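Heads up: the structure comes next, in structure tokens.
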Amino acid sequence: MDTINRAKWDGSEQEVLVEDSLESPAGLTVDWITNKMYWTDAGTDRIEVANLDGSMRSVLVWENLDRPRDIIVDPVRGHMYWTDWGSSPKIERAAMDGKDRFTIIARNLTWPNGLTIDYDRGKLYWADAGLKTIEYSELDGRNRRMLIGTQLPHPFGLALFGDRIYWTDWQSKSIQSADKVTGVNRETVRSDLENLMDIHMYHGNRELVISECNINNGGCSHLCLVAPQPRGYSCACPTGVMMGPDGKTCQTGMRNFLIFACRTDIRAVSLDVSYYADVVIPVGELKNAIAIDVDPVEELVYWTDSVTDTIKRGTLDGNNVEEVINTGLETTDGLAVDAIGRKLYWTDTGTNRIEVSDLDGGMRKVLIWKNLDSPRAIALHYDAGYMYWTDWGNSPKIERANMDGNNRVVIINTKLGWPNGLTIDRPTSRLIWADARTELIEASDLYGQNRYILADKVPHPYGLTIAGQHIYWTDWDTRSIHRADKMDGSHQVPIKANIAGLMDVHAVQVGESHGSDKCGRDNGGCSHLCLPHPTGYTCTCPTGIKMKSDGMTCYDAPNSYLLFASRDSVRRISLDTDDYTDVTLPLPDLQNAIALDFDGVENKIYYTDVRLDVLRRADLNGSHMETLISDDLTTADGIAVDWVARNLYFTDTGRNKIEVSRLDGSSRKSLVSVNLDEPRALALYPRKGFMFWSDWGMYPKIERACLDGSSRRTLVSTDLGWPNGLALDYTNKRLYWADAQLDKIETSDLSGRNRVLLTNDVSHPFGLTLHGDMLYWTDWQTMAIEVANKNTGKDRGSISGHMEGLMDIHVVSAERQPPHPDSPCVTNNGGCTHLCLVNQIGYICACPDVPDSNPCFTVPTPEIPTTEEGNRNQPIYEFTTVNQQFPRKTVNPNQFPHDNNKGTEMPECTLEEEIAGLCVQRLPAPKTDRHTLPAYFYIIICIVLGISIMIIILALIIWRRKKRRRHMVSNGHIFANPTYTNGENRVVINKRDRETMRTWRYYAKEDRLSSANLLEKLNNEEVAKNIAKCDVGGAVSGLGAVGGTTLPGGATCCGYTDEPLKKDNIGNLFVETPPIKPLNEDPPPDNFDQSDIEEYEPDEKPYSVALETEI
């Protein structure tokens, strides 16, 4: 990396002073009087100056330079000198403020390298590596003399002190000296030194003089530069900033400039000065900045980063950087600031959406989501009320819509290849775009008519903008920013060259305004978003929220929506609107979320994180996040909220338990801990007092028990593979489950009977939920949320795709959590001090496994201690006695009605009456037994039970060691079945053949630079055996790509190819495989030349797919 640095003599306190916009800094010198440093750059062909700390950097000389090398200053006389070894070698001099430039030596030079000054005698010395000489002259170039003309193989650096002159020599690898007047008495100071470059002499004899710049900085606001008398000094401004009329005060910053993204930095080029010098805006580390725009009102720059998937903003001086959008983005290629309406528009070619939000990222809404392939650039015409965008997908086109997303129309769809940059020339009402495949820049009117070519033979244009009478564009092939006349494309010139990673570009005029806000000061009376259109404005709502009947006010939240986990995010998709756009909830510190549920009473979300091994809850806006359980929790795969009794149930597949606690995590108790192998999904039926769970272990099954863990029974144990998701239909009293191994979704009644197959062509379902007549499930392999009719399995569809790491899913709706005021645990927690758990005959009061500071009673009490930590949020009610009168029918105290035929329905209470809440249970008076047993009897029972438990534990340990279980892979804990790891964010899909107990897995890691097809699931033994023969020991890395060899049975051997990666239109890398189009790859033209594609070495590890077997 090209930098300018400084450190102390002992090497300590090293610091980088200048690191931006340097290509080949060759010469460096210090003005010891005004504390400035000057340097030459042979790459940018510039001479620059800055303070000794690198601040106030300014370009002094930029024209007619061709590889400047060494530079030396004479602050006493106010001059600087430099050598130039380009096509016309020369030595030049100018004032130290860059003025009064002229050439002092222009003949008989080849490679003029080092320079030094004899300040006492007023002589200028230089070394020429081509002529192999050291010469000197007067400071104005007169009286040129040869000092040394022999035995100089390759002199480079030059220095002078006292009567001696010193130089470095590349070829002899030595430092030598001679008499500075005669050149005789040559000596070798040091020899055998590799890579010798510049040399300077440190001494304390430099002449000190008083400069005007030492007094109040010469009155300059920024830089004060020494100059020859009688001028003495002059004030200068940082690069690109204009000087005020007083000649001393600079403007606050650039006012008219180009700003462009270069992937890893953002730069600006002033259009107010006569030179084109780029200045890096220090906004911090960038991974892959693509789109960019500026708000000229608040002087903020906005940009997108496709690696961090964010939209950020900061001031034009690089300060106050903040994230505007950090969720729900994939590849944001286009960005446009509505400076009048104060809105931000962007395109996303990953999600294929066009969205809008306030400038701070609030009130976000999807405007266009249908029939988009690869949207890229976006341009706004506020006065006309239109937005325009390019789409370079399979059917390239340029489209227009109102700025509220309505009245969409295709205006150009012929003779387009890769339409990239797009801009609007408002004075002439023209639309101008650049096409990287046709290599044209074209223009038309705002309706797509009167189309004509502005410029041709532009190799690969990307960004495009307009300023004044010129258009400017970035070009990937030339690595330059070009300029041409905006009317006819004439006078094409590159204004900045040799810039890697050029992306978007925009012209900015700070303070510029293009009209008045159509929504006025009161936001048009809209509660949320006010968006313009050609004849006025429209009130609209954020994504997923419906508008009220007044057409101006939005509801606060969706009425019904899907809530789902996606490892590092929890998102929602509204079912109220038809765009089905996912909105990420701003939950903090989310690393690997798996299971989740929702409490509609307090509007809180509950979720598990298996990387942190915690169970948490938070509000939907991300606030009030609490860690409920963090101890003795290994892998909580399932979680369920009992919204009636206010309890929380969860499965732990690592510890093979099902536990319950209060909603705040207190009063934790184990309910089921035996005969569990891999418990996963959990579903509750509070009204019935049932909980259901799936177990995908060695002997997969679906079980049911009461909410207190009693009355456990197996419902389904045949024809199961990996039962994952569970869902309950409370209306029809049906149970649904998804099987990821057998690729099907089934249903039965609540007793496991009347089993029906709904569909058997699902790929890899995980989470399952139900709403109305539709089933929704997450699928790991299709990376989508899919839907089907709950009764027939038909009406299949996908409501959202391209989402990795999909896990649990639930519908949030009032219909899914109806109130049950007749539940015994509703009032005063059933009189229980800790846990109130419903069962088939009523309910029990239970105590936590680990006692807390409050006494626990297993019988209802009329008062509950108010100091209990776990119940501090529970309302305290007066205890209701059993004499309370109930309407219509009553049943036996503390007992649900019982049906001898069905086991769950009661002859005294009809189903309709139960649903209507007319069947209530009443608490019995606590029974007391007057006959007590001797104390030693209980001691004997405890001893026998203890010995029995120890024997059972020992037998269980031995059995589990012999059992085929999962193993440790990589640095994380990987589980079998469709599973995930808590060490890395990746999905691991295993397919187990029951006959051979062979487990097959694939690991998929996403990388933006390349793509590969996921492997098919391996469900038959023949394919498994064939793939076992492949050499798939390691993941693909480096510059190769995943290849394949077809085997009998349709299997594919993963392999490695040494084909170099190619770079497509948007910078993605791929190995050319004609039948398969890589992700986001531009289609090649008919006359495409493979040699024209730049071979590119990625910075990150490409997408890899590996297989491994477990016997």
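Note on naming: chains are A, B, ... as they come in the structure tokens, residues start from 1 per chain, ligands start from 1 in the order shown.
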
message: For A:Arg408, find every residue with an atom within 12 Å (counting only C-alpha atoms), except residues of its own chain fewer than 6 positions away, and show them as a PyMOL selection string.
response: chain A and resi 367-372+386-389+398-402+533

task: Name the residues in contact with A:Tyr382 at a cut-off of 9 Å, using only C-alpha atoms, excluding same-chain residues fewer than 5 positions from it; report them as a list in words.
output: Asp338, Ile340, Gly341, Met387, Met403, His514, Gly515, Asp517, Pro532, His533 and Pro534 of chain A

message: Which residues are near stretch 227-236 of chain A? Cut-off 10 Å, only C-alpha atoms, ignore same chain within fewer than 4 positions. Put them as JSON, numbers by chain.
response: {"A": [56, 57, 58, 59, 60, 74, 75, 76, 77, 78, 79, 80, 94, 95, 96, 97, 98, 99, 100, 211, 212, 213, 217, 218, 219, 220, 221, 222, 223, 241, 242, 243, 247, 248, 249, 250]}

field: Near-stretch 541-549 of chain A list (10 Å; only C-alpha atoms; drop same-chain fewer than 5 positions) as a ChimeraX atom specification
entry: /A:355-357,362-367,526-530,554-561,572-583

- request: Based on DSSP run over this structure's backbone, return all residues of stretch 606-645 of chain A in strand (DSSP E), as JSON, numbers by chain.
  value: {"A": [606, 607, 608, 609, 614, 615, 616, 617, 618, 619, 626, 627, 628, 629, 638, 639, 640, 641, 642]}

Test item: residues at most 7 Å from stretch 686-689 of chain A, only C-alpha atoms, excluding those fewer than 3 positions along its chain, as a ChimeraX atom specification: /A:642,644,706-707,820,838-840
